[in-house]
Amino acid sequence: MSKEILEHHLNINRRKFISRLSVGIGSIALGSLLVPDLFNGFNEDAMMAGLPHFAPKAKRIIYLFQNGAPSQLDLFDYKPKLNEMFGQDLPDSIRMGQRLTGMTSKQAKFPLAGSIFNFKQYGKAGAWFSDLLPNTAAIADDLCIIRSLYTEAINHDPALTFFQTGAQVGNRPSMGSWLSYGLGSENKNLPAFCVLLSKGKGNGQGVYSKLWSNGFLDSIYQGVQFSSGENPVQYLNNPDGMNKDDRRKMLDKIDELNEISYNEFGDAEIKTKIQQYEMAFRMQTAVPEITDMSKEPESIVKLYGPDCLFPGTYAANCLLARKLSENGVRFVQLYHQGWDAHGNLPKEIKGQCNDVDRASAALITDLKQRGLLDETLVIWGGEFGRTNYCQGTLKEDNYGRDHHPRCFTVWMAGGGVKPGVYGETDDFGYNIIKDPVHVHDFHATVLNLMGLDHEKLTFKHLGRRYRLTDVSGKVFNKIIA
């Protein structure tokens, strides 16, 4: 017998042993997670999956990701000095040689551009908001505003990927996948991780499936994308000529064949396919009911605005996110495109804020009046910030802003965070001078609010233990109630 054939038989026997052991333990999920570590021993990390490490502050997350990077200087981080120094060059002592994107690195000057929008303070903490966000400003006392986020990436793709997966390269599990792996789902009829997409009126940056990928985790943890079409989840409905009973019989036969294959080869993906088929069957009943907005009372439509009745809009996705979360979906990820304002920022940002301001505030209000805000963590923010200097030609009523990774603003609400304003930037809005929060710190804090220790939520892959926070990250305890 050749070495290759002998090794193949040994591998099958190992898989059979692990398969039978996992059945004996009584956990299909455990069996599927043990298989990838065949040659490294049992994956003890997987054995902890499904339970928090300590009492969680939040049970679910709704992440309102503003794709393209909103300008913190025109929304949250009021800097009157920029207006006083309008048109003057950014001092070298402030920039300190920071690298720039290829879009502005060739500029001879970097003229400072203050915001043309008016700012006021709101709430007990005196949080600054521009007049672009009146509805968000009205709920200031519910918001935890962090003005001192920073990242390592200066371009959209790596920055967006970094925020969603903890790494600037692909093939890593997204935050939603890590939470699905660590905590599982609260509703067997719905995925633990759902993704919703919308497009604004501004300059858009694309989103792509690697952002909600399971990476090297079992594919059952991948995000499920909902669409705005007639079928919210693709390929969920029965084909023409097949009813529910026929579908059930077909799935039972497929399951039998898959079980035979699994017992022979022990491939974890076979078990995953069985679970996915069964989930799809259950979703045939659950999804149409949840995506039906016709039963929402007039008060809810008035709260979110008339756009909530049009699938695919930001308002509709916010309302759908509430319904999914209310029904036990662990992580709902929204992506709203259109914030990439390199030029004509004043006009573009107005359109974006018209899309998101009312619905974002409505989501917080809606969750609060239903008694769900305390157990639901809502996050709003983009992948980096915007520069204090103008990209291109500066005019009194028009300017553009380039990418700025050194400081930007994210707000959170509910789910165990303390309302208030945290972190501070310098008078130029260029550097952080108090409470810097790195992306890994942000991830560590979010996991902590969900009852997970970011250093313990790991998965062994190719001989190394991976985690969302890579090899760093500290919990930002100041914001935890």
# chains A, B, ... in the order shown; residues from 1 in each chain; ligands from 1

$ residues_around --residues "range 133-141 of chain A" --least-positions-apart "3" --cutoff "12 Å" --atoms "only C-alpha atoms" --output "compact mmCIF listing (two decimals) with N, CA and C atoms, in the first residue's frame"
# COMPACT_ATOMS: atom_id res chain seq x y z
N GLN A 72 -16.13 63.70 10.85
CA GLN A 72 -16.37 64.02 12.25
C GLN A 72 -16.35 65.52 12.49
N ASP A 74 -17.56 67.83 10.64
CA ASP A 74 -18.80 68.46 10.20
C ASP A 74 -20.02 67.90 10.92
N LEU A 75 -19.78 66.95 11.84
CA LEU A 75 -20.91 66.32 12.53
C LEU A 75 -20.80 66.38 14.06
N PHE A 76 -19.62 66.01 14.61
CA PHE A 76 -19.52 65.81 16.06
C PHE A 76 -18.39 66.58 16.75
N PHE A 117 -21.13 74.37 8.79
CA PHE A 117 -22.38 74.07 9.50
C PHE A 117 -22.30 74.58 10.94
N ASN A 118 -23.45 74.92 11.47
CA ASN A 118 -23.53 75.45 12.83
C ASN A 118 -23.54 74.32 13.85
N PHE A 119 -22.90 74.53 14.96
CA PHE A 119 -22.84 73.54 16.03
C PHE A 119 -23.51 74.07 17.29
N LYS A 120 -24.11 73.16 18.04
CA LYS A 120 -24.68 73.46 19.35
C LYS A 120 -24.41 72.29 20.30
N GLN A 121 -24.50 72.57 21.58
CA GLN A 121 -24.32 71.52 22.57
C GLN A 121 -25.67 70.99 23.02
N TYR A 122 -25.71 69.67 23.27
CA TYR A 122 -26.96 69.00 23.63
C TYR A 122 -26.72 68.04 24.79
N GLY A 123 -27.77 67.82 25.58
CA GLY A 123 -27.73 66.81 26.63
C GLY A 123 -26.94 67.22 27.85
N LYS A 124 -26.96 66.35 28.84
CA LYS A 124 -26.29 66.62 30.12
C LYS A 124 -24.78 66.75 29.96
N ALA A 125 -24.22 66.02 28.99
CA ALA A 125 -22.77 66.04 28.79
C ALA A 125 -22.33 67.18 27.88
N GLY A 126 -23.27 67.94 27.34
CA GLY A 126 -22.91 69.04 26.45
C GLY A 126 -22.26 68.58 25.17
N ALA A 127 -22.75 67.49 24.61
CA ALA A 127 -22.17 66.96 23.37
C ALA A 127 -22.43 67.91 22.20
N TRP A 128 -21.40 68.09 21.37
CA TRP A 128 -21.54 68.95 20.20
C TRP A 128 -22.12 68.17 19.02
N PHE A 129 -23.11 68.78 18.38
CA PHE A 129 -23.68 68.25 17.13
C PHE A 129 -23.85 69.40 16.17
N SER A 130 -23.62 69.13 14.89
CA SER A 130 -23.93 70.15 13.89
C SER A 130 -25.41 70.10 13.57
N CYS A 144 -23.36 57.30 23.86
CA CYS A 144 -21.96 57.24 24.32
C CYS A 144 -21.12 57.63 23.11
N ILE A 145 -20.57 58.84 23.13
CA ILE A 145 -19.87 59.38 21.97
C ILE A 145 -18.36 59.31 22.22
N LEU A 303 -42.34 57.51 13.04
CA LEU A 303 -41.08 57.64 13.77
C LEU A 303 -39.88 57.50 12.85
N TYR A 304 -39.87 56.46 12.02
CA TYR A 304 -38.74 56.19 11.13
C TYR A 304 -38.78 57.04 9.86
N GLY A 305 -39.95 57.50 9.50
CA GLY A 305 -40.11 58.25 8.26
C GLY A 305 -40.68 57.39 7.15
N ILE A 349 -22.79 65.60 2.16
CA ILE A 349 -23.04 65.19 3.54
C ILE A 349 -24.47 65.54 3.96
N LYS A 350 -25.04 66.58 3.37
CA LYS A 350 -26.44 66.90 3.65
C LYS A 350 -27.35 65.75 3.22
N GLY A 351 -27.09 65.23 2.02
CA GLY A 351 -27.89 64.11 1.52
C GLY A 351 -27.74 62.87 2.38
N GLN A 352 -26.51 62.60 2.80
CA GLN A 352 -26.28 61.43 3.65
C GLN A 352 -27.00 61.56 4.99
N CYS A 353 -26.91 62.75 5.57
CA CYS A 353 -27.56 62.96 6.87
C CYS A 353 -29.08 62.91 6.76
N ASN A 354 -29.61 63.38 5.64
CA ASN A 354 -31.05 63.24 5.41
C ASN A 354 -31.47 61.78 5.38
N ASP A 355 -30.57 60.92 4.88
CA ASP A 355 -30.85 59.49 4.84
C ASP A 355 -30.85 58.87 6.23
N VAL A 356 -29.87 59.24 7.05
CA VAL A 356 -29.58 58.44 8.25
C VAL A 356 -30.01 59.06 9.58
N ASP A 357 -30.13 60.38 9.63
CA ASP A 357 -30.34 61.02 10.94
C ASP A 357 -31.64 60.58 11.60
N ARG A 358 -32.73 60.72 10.90
CA ARG A 358 -34.04 60.39 11.48
C ARG A 358 -34.14 58.92 11.85
N ALA A 359 -33.73 58.06 10.92
CA ALA A 359 -33.88 56.62 11.15
C ALA A 359 -32.96 56.11 12.26
N SER A 360 -31.74 56.64 12.34
CA SER A 360 -30.82 56.22 13.40
C SER A 360 -31.39 56.57 14.77
N ALA A 361 -31.87 57.80 14.91
CA ALA A 361 -32.47 58.22 16.18
C ALA A 361 -33.75 57.43 16.46
N ALA A 362 -34.52 57.16 15.40
CA ALA A 362 -35.76 56.39 15.57
C ALA A 362 -35.47 54.99 16.10
N LEU A 363 -34.40 54.38 15.62
CA LEU A 363 -34.05 53.04 16.08
C LEU A 363 -33.78 53.04 17.59
N ILE A 364 -33.04 54.02 18.07
CA ILE A 364 -32.77 54.11 19.51
C ILE A 364 -34.07 54.32 20.28
N THR A 365 -34.90 55.24 19.80
CA THR A 365 -36.18 55.52 20.46
C THR A 365 -37.08 54.29 20.46
N ASP A 366 -37.14 53.61 19.34
CA ASP A 366 -37.98 52.42 19.20
C ASP A 366 -37.53 51.31 20.16
N LYS A 368 -35.84 51.66 22.84
CA LYS A 368 -36.03 52.13 24.22
C LYS A 368 -37.48 51.98 24.66
N TRP A 380 -22.72 53.26 15.72
CA TRP A 380 -22.81 54.10 14.52
C TRP A 380 -21.44 54.69 14.23
N TRP A 411 -20.34 56.68 17.74
CA TRP A 411 -21.23 56.68 18.90
C TRP A 411 -21.87 55.32 19.11
N MET A 412 -22.21 55.05 20.38
CA MET A 412 -22.85 53.80 20.76
C MET A 412 -24.03 54.13 21.67
N ALA A 413 -24.94 53.19 21.80
CA ALA A 413 -26.09 53.39 22.68
C ALA A 413 -26.58 52.05 23.21
N GLY A 414 -27.16 52.08 24.41
CA GLY A 414 -27.73 50.86 25.01
C GLY A 414 -26.67 49.88 25.40
N VAL A 417 -23.42 50.53 27.84
CA VAL A 417 -22.48 51.65 27.75
C VAL A 417 -23.02 52.85 28.53
N LYS A 418 -22.10 53.68 29.02
CA LYS A 418 -22.48 54.87 29.77
C LYS A 418 -22.60 56.06 28.81
N PRO A 419 -23.76 56.70 28.80
CA PRO A 419 -23.90 57.90 27.95
C PRO A 419 -22.89 58.96 28.37
N GLY A 420 -22.49 59.78 27.41
CA GLY A 420 -21.53 60.83 27.68
C GLY A 420 -20.59 61.02 26.51
N VAL A 421 -19.60 61.89 26.69
CA VAL A 421 -18.62 62.17 25.65
C VAL A 421 -17.25 61.75 26.16

$ closest_atom_pairs --of "range 345-399 of chain A" --to "range 152-159 of chain A" --cutoff "10 Å" --atoms "only C-alpha atoms" --output "tab-separated table"
residue	atom	partner	partner_atom	distance
A:Gly382	CA	A:Ala159	CA	9.3
A:Glu383	CA	A:Ala159	CA	5.6
A:Phe384	CA	A:Ala159	CA	7.1
A:Gly385	CA	A:Ile154	CA	9.5

$ residues_around --residues "Val332 in chain A" --least-positions-apart "5" --cutoff "8 Å" --atoms "only C-alpha atoms" --output "PDB file with N, CA, C and O atoms, in the first residue's frame"
ATOM      1  N   ILE A  61     -26.353  42.969  18.993  1.00  0.00           N
ATOM      2  CA  ILE A  61     -25.724  44.159  18.441  1.00  0.00           C
ATOM      3  C   ILE A  61     -26.388  44.534  17.120  1.00  0.00           C
ATOM      4  O   ILE A  61     -26.674  43.671  16.289  1.00  0.00           O
ATOM      5  N   ILE A  62     -26.620  45.828  16.942  1.00  0.00           N
ATOM      6  CA  ILE A  62     -27.002  46.392  15.651  1.00  0.00           C
ATOM      7  C   ILE A  62     -25.913  47.397  15.296  1.00  0.00           C
ATOM      8  O   ILE A  62     -25.717  48.387  15.998  1.00  0.00           O
ATOM      9  N   TYR A  63     -25.200  47.137  14.221  1.00  0.00           N
ATOM     10  CA  TYR A  63     -24.061  47.962  13.832  1.00  0.00           C
ATOM     11  C   TYR A  63     -24.433  48.755  12.586  1.00  0.00           C
ATOM     12  O   TYR A  63     -24.572  48.201  11.494  1.00  0.00           O
ATOM     13  N   GLY A 176     -19.236  39.761  13.313  1.00  0.00           N
ATOM     14  CA  GLY A 176     -20.476  39.011  13.462  1.00  0.00           C
ATOM     15  C   GLY A 176     -20.257  37.517  13.496  1.00  0.00           C
ATOM     16  O   GLY A 176     -20.930  36.789  14.225  1.00  0.00           O
ATOM     17  N   PHE A 193     -26.410  35.942  12.377  1.00  0.00           N
ATOM     18  CA  PHE A 193     -25.692  37.077  11.803  1.00  0.00           C
ATOM     19  C   PHE A 193     -26.339  37.461  10.473  1.00  0.00           C
ATOM     20  O   PHE A 193     -26.330  36.668   9.526  1.00  0.00           O
ATOM     21  N   CYS A 194     -26.919  38.660  10.408  1.00  0.00           N
ATOM     22  CA  CYS A 194     -27.598  39.123   9.203  1.00  0.00           C
ATOM     23  C   CYS A 194     -26.981  40.422   8.706  1.00  0.00           C
ATOM     24  O   CYS A 194     -26.527  41.247   9.498  1.00  0.00           O
ATOM     25  N   VAL A 195     -27.008  40.629   7.390  1.00  0.00           N
ATOM     26  CA  VAL A 195     -26.374  41.781   6.753  1.00  0.00           C
ATOM     27  C   VAL A 195     -27.395  42.510   5.877  1.00  0.00           C
ATOM     28  O   VAL A 195     -28.110  41.886   5.094  1.00  0.00           O
ATOM     29  N   LEU A 196     -27.435  43.845   6.011  1.00  0.00           N
ATOM     30  CA  LEU A 196     -28.355  44.683   5.245  1.00  0.00           C
ATOM     31  C   LEU A 196     -27.560  45.791   4.556  1.00  0.00           C
ATOM     32  O   LEU A 196     -26.685  46.408   5.171  1.00  0.00           O
ATOM     33  N   ALA A 321     -33.752  45.908  11.056  1.00  0.00           N
ATOM     34  CA  ALA A 321     -32.755  45.538  12.059  1.00  0.00           C
ATOM     35  C   ALA A 321     -33.400  45.399  13.435  1.00  0.00           C
ATOM     36  O   ALA A 321     -33.077  44.479  14.196  1.00  0.00           O
ATOM     37  N   LEU A 324     -35.358  42.100  13.375  1.00  0.00           N
ATOM     38  CA  LEU A 324     -34.465  40.939  13.449  1.00  0.00           C
ATOM     39  C   LEU A 324     -33.890  40.795  14.848  1.00  0.00           C
ATOM     40  O   LEU A 324     -33.863  39.700  15.421  1.00  0.00           O
ATOM     41  N   SER A 325     -33.428  41.902  15.407  1.00  0.00           N
ATOM     42  CA  SER A 325     -32.850  41.867  16.748  1.00  0.00           C
ATOM     43  C   SER A 325     -33.891  41.455  17.788  1.00  0.00           C
ATOM     44  O   SER A 325     -33.620  40.652  18.679  1.00  0.00           O
TER      45      SER A 325
END

$ residues_around --residues "range 428-430 of chain A" --least-positions-apart "4" --cutoff "8 Å" --atoms "only C-alpha atoms" --output "PyMOL selection string"
chain A and resi 73+77+79+81-82+94-95+387-388+406-407

$ write_last_selection --atoms "all heavy atoms" --output "short mmCIF file (atom, residue, chain, number, x, y, z; two decimals), in the first residue's frame"
data_model
loop_
_atom_site.label_atom_id
_atom_site.label_comp_id
_atom_site.auth_asym_id
_atom_site.auth_seq_id
_atom_site.Cartn_x
_atom_site.Cartn_y
_atom_site.Cartn_z
N LEU A 73 -15.59 66.26 11.67
CA LEU A 73 -15.45 67.70 11.84
C LEU A 73 -16.70 68.46 11.41
O LEU A 73 -16.88 69.63 11.79
CB LEU A 73 -14.25 68.21 11.04
CG LEU A 73 -12.90 67.65 11.49
CD1 LEU A 73 -11.80 68.02 10.51
CD2 LEU A 73 -12.55 68.13 12.90
N ASP A 77 -17.28 66.79 16.06
CA ASP A 77 -16.07 67.30 16.70
C ASP A 77 -15.88 68.77 16.34
O ASP A 77 -15.20 69.12 15.37
CB ASP A 77 -14.86 66.46 16.27
CG ASP A 77 -13.73 66.51 17.29
OD1 ASP A 77 -13.89 67.15 18.34
OD2 ASP A 77 -12.67 65.91 17.03
N LYS A 79 -14.63 72.34 16.02
CA LYS A 79 -13.31 72.96 16.08
C LYS A 79 -13.36 74.39 15.51
O LYS A 79 -13.07 74.63 14.34
CB LYS A 79 -12.29 72.12 15.29
CG LYS A 79 -12.09 70.72 15.84
CD LYS A 79 -11.57 70.74 17.28
CE LYS A 79 -11.53 69.35 17.88
NZ LYS A 79 -11.14 69.39 19.30
N LYS A 81 -11.36 76.76 15.87
CA LYS A 81 -10.05 77.24 15.44
C LYS A 81 -9.86 77.08 13.93
O LYS A 81 -9.18 77.89 13.28
CB LYS A 81 -8.94 76.51 16.19
CG LYS A 81 -7.55 77.12 16.01
CD LYS A 81 -6.53 76.41 16.87
CE LYS A 81 -5.19 77.14 16.83
NZ LYS A 81 -5.25 78.44 17.52
N LEU A 82 -10.46 76.04 13.37
CA LEU A 82 -10.34 75.82 11.94
C LEU A 82 -11.05 76.93 11.15
O LEU A 82 -10.61 77.30 10.06
CB LEU A 82 -10.91 74.45 11.55
CG LEU A 82 -10.22 73.23 12.16
CD1 LEU A 82 -10.89 71.95 11.68
CD2 LEU A 82 -8.73 73.22 11.82
N ILE A 94 1.72 70.18 13.72
CA ILE A 94 0.48 69.41 13.96
C ILE A 94 0.48 68.14 13.13
O ILE A 94 0.16 67.06 13.61
CB ILE A 94 -0.76 70.26 13.62
CG1 ILE A 94 -0.80 71.52 14.50
CG2 ILE A 94 -2.04 69.43 13.80
CD1 ILE A 94 -0.88 71.24 15.99
N ARG A 95 0.87 68.27 11.88
CA ARG A 95 0.88 67.09 10.99
C ARG A 95 1.96 66.09 11.41
O ARG A 95 1.76 64.88 11.36
CB ARG A 95 1.09 67.52 9.54
CG ARG A 95 1.08 66.35 8.58
CD ARG A 95 1.43 66.76 7.17
NE ARG A 95 1.85 65.60 6.41
CZ ARG A 95 2.54 65.63 5.29
NH1 ARG A 95 2.91 66.80 4.78
NH2 ARG A 95 2.89 64.52 4.67
N THR A 387 -9.97 64.69 6.96
CA THR A 387 -8.92 65.66 7.26
C THR A 387 -9.50 67.04 7.60
O THR A 387 -10.58 67.41 7.15
CB THR A 387 -7.98 65.82 6.06
OG1 THR A 387 -8.75 66.19 4.90
CG2 THR A 387 -7.21 64.54 5.80
N ASN A 388 -8.70 67.79 8.38
CA ASN A 388 -9.09 69.17 8.70
C ASN A 388 -8.70 70.13 7.58
O ASN A 388 -9.09 71.30 7.59
CB ASN A 388 -8.46 69.62 10.01
CG ASN A 388 -6.94 69.59 9.99
OD1 ASN A 388 -6.32 69.26 8.98
ND2 ASN A 388 -6.33 69.93 11.12
N ARG A 406 -6.14 59.20 11.99
CA ARG A 406 -5.58 59.49 13.31
C ARG A 406 -6.63 59.81 14.37
O ARG A 406 -6.36 59.71 15.56
CB ARG A 406 -4.58 60.63 13.22
CG ARG A 406 -3.38 60.31 12.34
CD ARG A 406 -2.33 61.37 12.41
NE ARG A 406 -1.31 61.04 13.41
CZ ARG A 406 -0.16 61.70 13.52
NH1 ARG A 406 0.08 62.73 12.74
NH2 ARG A 406 0.72 61.35 14.41
N CYS A 407 -7.81 60.22 13.96
CA CYS A 407 -8.88 60.47 14.93
C CYS A 407 -10.23 60.58 14.22
O CYS A 407 -10.31 61.17 13.15
CB CYS A 407 -8.61 61.72 15.77
SG CYS A 407 -8.43 63.24 14.82
#

$ residues_around --residues "His454 in chain A" --least-positions-apart "2" --cutoff "12 Å" --atoms "only C-alpha atoms" --output "ChimeraX atom specification"
/A:52-54,166,175,178-179,182,440-452,456-459,466-475

$ write_last_selection --atoms "N, CA and C atoms" --output "CSV table (one decimal), in the first residue's frame"
chain,number,residue,atom,x,y,z
A,52,PRO,N,-21.2,32.8,27.2
A,52,PRO,CA,-20.3,33.9,27.5
A,52,PRO,C,-19.3,33.6,28.6
A,53,HIS,N,-18.2,34.3,28.6
A,53,HIS,CA,-17.2,34.1,29.6
A,53,HIS,C,-17.6,34.6,31.0
A,54,PHE,N,-18.5,35.7,30.9
A,54,PHE,CA,-19.0,36.3,32.2
A,54,PHE,C,-20.3,36.9,31.8
A,166,GLY,N,-10.8,42.8,12.1
A,166,GLY,CA,-9.6,42.9,13.0
A,166,GLY,C,-8.3,42.7,12.2
A,175,MET,N,-16.6,40.3,12.6
A,175,MET,CA,-17.0,40.5,14.0
A,175,MET,C,-18.3,39.7,14.3
A,178,TRP,N,-17.5,36.0,14.6
A,178,TRP,CA,-16.9,35.7,15.9
A,178,TRP,C,-18.0,35.6,17.0
A,179,LEU,N,-18.9,36.6,16.9
A,179,LEU,CA,-20.0,36.5,17.9
A,179,LEU,C,-20.9,35.3,17.7
A,182,GLY,N,-19.0,32.4,19.1
A,182,GLY,CA,-18.8,32.5,20.6
A,182,GLY,C,-20.1,32.3,21.3
A,440,HIS,N,-8.5,47.7,17.7
A,440,HIS,CA,-8.5,46.5,18.6
A,440,HIS,C,-9.1,46.8,19.9
A,441,ASP,N,-8.9,48.0,20.5
A,441,ASP,CA,-9.5,48.4,21.8
A,441,ASP,C,-11.1,48.4,21.6
A,442,PHE,N,-11.5,48.9,20.5
A,442,PHE,CA,-12.9,49.0,20.2
A,442,PHE,C,-13.5,47.6,20.2
A,443,HIS,N,-12.9,46.7,19.5
A,443,HIS,CA,-13.3,45.3,19.4
A,443,HIS,C,-13.3,44.6,20.7
A,444,ALA,N,-12.3,44.8,21.5
A,444,ALA,CA,-12.2,44.2,22.8
A,444,ALA,C,-13.3,44.7,23.7
A,445,THR,N,-13.7,46.0,23.6
A,445,THR,CA,-14.7,46.6,24.4
A,445,THR,C,-16.1,46.0,24.0
A,446,VAL,N,-16.3,45.9,22.7
A,446,VAL,CA,-17.6,45.4,22.2
A,446,VAL,C,-17.8,43.9,22.6
A,447,LEU,N,-16.8,43.1,22.5
A,447,LEU,CA,-16.8,41.7,23.0
A,447,LEU,C,-17.1,41.7,24.5
A,448,ASN,N,-16.4,42.6,25.2
A,448,ASN,CA,-16.6,42.6,26.7
A,448,ASN,C,-18.1,42.9,27.0
A,449,LEU,N,-18.7,43.8,26.3
A,449,LEU,CA,-20.1,44.1,26.6
A,449,LEU,C,-21.0,42.9,26.3
A,450,MET,N,-20.6,42.1,25.4
A,450,MET,CA,-21.3,40.8,25.1
A,450,MET,C,-21.0,39.7,26.0
A,451,GLY,N,-20.1,39.9,27.0
A,451,GLY,CA,-19.8,38.9,27.9
A,451,GLY,C,-18.6,38.0,27.5
A,452,LEU,N,-17.8,38.5,26.5
A,452,LEU,CA,-16.7,37.7,26.0
A,452,LEU,C,-15.4,38.4,26.3
A,456,LYS,N,-9.7,35.3,25.2
A,456,LYS,CA,-10.2,33.9,25.3
A,456,LYS,C,-11.0,33.4,24.1
A,457,LEU,N,-11.6,34.3,23.4
A,457,LEU,CA,-12.4,34.0,22.2
A,457,LEU,C,-11.4,33.7,21.0
A,458,THR,N,-10.9,32.5,20.9
A,458,THR,CA,-9.9,32.2,19.9
A,458,THR,C,-10.3,31.0,19.1
A,459,PHE,N,-9.6,30.8,18.0
A,459,PHE,CA,-9.7,29.6,17.2
A,459,PHE,C,-8.4,29.2,16.6
A,466,TYR,N,-6.0,32.3,16.6
A,466,TYR,CA,-6.4,33.6,16.1
A,466,TYR,C,-7.5,34.2,17.0
A,467,ARG,N,-7.6,35.5,17.0
A,467,ARG,CA,-8.8,36.1,17.6
A,467,ARG,C,-9.1,37.4,16.9
A,468,LEU,N,-10.2,38.0,17.2
A,468,LEU,CA,-10.7,39.3,16.6
A,468,LEU,C,-9.7,40.4,16.8
A,469,THR,N,-9.1,40.4,18.0
A,469,THR,CA,-8.2,41.5,18.3
A,469,THR,C,-6.7,41.2,18.1
A,470,ASP,N,-6.4,40.1,17.3
A,470,ASP,CA,-5.1,39.7,16.9
A,470,ASP,C,-4.2,39.5,18.2
A,471,VAL,N,-3.2,40.3,18.4
A,471,VAL,CA,-2.4,40.1,19.6
A,471,VAL,C,-2.4,41.4,20.5
A,472,SER,N,-3.4,42.2,20.4
A,472,SER,CA,-3.4,43.4,21.2
A,472,SER,C,-4.9,43.7,21.6
A,473,GLY,N,-5.1,45.0,22.0
A,473,GLY,CA,-6.4,45.4,22.4
A,473,GLY,C,-6.7,45.4,23.9
A,474,LYS,N,-7.2,46.5,24.3
A,474,LYS,CA,-7.6,46.7,25.7
A,474,LYS,C,-9.0,47.2,25.8
A,475,VAL,N,-9.7,46.7,26.8
A,475,VAL,CA,-11.1,47.1,27.0
A,475,VAL,C,-11.1,48.6,27.5

$ decode --residues "range 52-90 of chain A" --atoms "C-alpha atoms" --output "PDB file, in the first residue's frame"
ATOM      1  CA  PRO A  52     -20.326  33.933  27.458  1.00  0.00           C
ATOM      2  CA  HIS A  53     -17.214  34.061  29.629  1.00  0.00           C
ATOM      3  CA  PHE A  54     -19.001  36.291  32.166  1.00  0.00           C
ATOM      4  CA  ALA A  55     -22.337  38.040  32.618  1.00  0.00           C
ATOM      5  CA  PRO A  56     -22.978  40.135  29.498  1.00  0.00           C
ATOM      6  CA  LYS A  57     -24.217  43.714  29.452  1.00  0.00           C
ATOM      7  CA  ALA A  58     -25.741  43.229  25.996  1.00  0.00           C
ATOM      8  CA  LYS A  59     -27.379  40.293  24.247  1.00  0.00           C
ATOM      9  CA  ARG A  60     -27.424  41.610  20.688  1.00  0.00           C
ATOM     10  CA  ILE A  61     -25.724  44.159  18.441  1.00  0.00           C
ATOM     11  CA  ILE A  62     -27.002  46.392  15.651  1.00  0.00           C
ATOM     12  CA  TYR A  63     -24.061  47.962  13.832  1.00  0.00           C
ATOM     13  CA  LEU A  64     -24.964  50.956  11.645  1.00  0.00           C
ATOM     14  CA  PHE A  65     -21.792  51.143   9.580  1.00  0.00           C
ATOM     15  CA  GLN A  66     -21.412  54.388   7.637  1.00  0.00           C
ATOM     16  CA  ASN A  67     -19.332  53.182   4.716  1.00  0.00           C
ATOM     17  CA  GLY A  68     -16.964  55.747   3.233  1.00  0.00           C
ATOM     18  CA  ALA A  69     -16.094  57.634   6.458  1.00  0.00           C
ATOM     19  CA  PRO A  70     -18.343  60.484   7.691  1.00  0.00           C
ATOM     20  CA  SER A  71     -16.592  63.767   8.475  1.00  0.00           C
ATOM     21  CA  GLN A  72     -16.372  64.021  12.254  1.00  0.00           C
ATOM     22  CA  LEU A  73     -15.452  67.705  11.838  1.00  0.00           C
ATOM     23  CA  ASP A  74     -18.803  68.459  10.201  1.00  0.00           C
ATOM     24  CA  LEU A  75     -20.906  66.320  12.535  1.00  0.00           C
ATOM     25  CA  PHE A  76     -19.520  65.808  16.059  1.00  0.00           C
ATOM     26  CA  ASP A  77     -16.068  67.297  16.705  1.00  0.00           C
ATOM     27  CA  TYR A  78     -16.542  71.068  16.832  1.00  0.00           C
ATOM     28  CA  LYS A  79     -13.310  72.956  16.085  1.00  0.00           C
ATOM     29  CA  PRO A  80     -13.819  76.748  15.873  1.00  0.00           C
ATOM     30  CA  LYS A  81     -10.050  77.245  15.444  1.00  0.00           C
ATOM     31  CA  LEU A  82     -10.345  75.821  11.936  1.00  0.00           C
ATOM     32  CA  ASN A  83     -12.805  78.562  11.057  1.00  0.00           C
ATOM     33  CA  GLU A  84     -10.534  81.187  12.606  1.00  0.00           C
ATOM     34  CA  MET A  85      -7.600  79.922  10.506  1.00  0.00           C
ATOM     35  CA  PHE A  86      -9.635  79.354   7.350  1.00  0.00           C
ATOM     36  CA  GLY A  87      -7.354  78.888   4.342  1.00  0.00           C
ATOM     37  CA  GLN A  88      -4.108  78.889   6.322  1.00  0.00           C
ATOM     38  CA  ASP A  89      -1.712  76.000   5.832  1.00  0.00           C
ATOM     39  CA  LEU A  90      -1.788  73.081   8.280  1.00  0.00           C
TER      40      LEU A  90
END
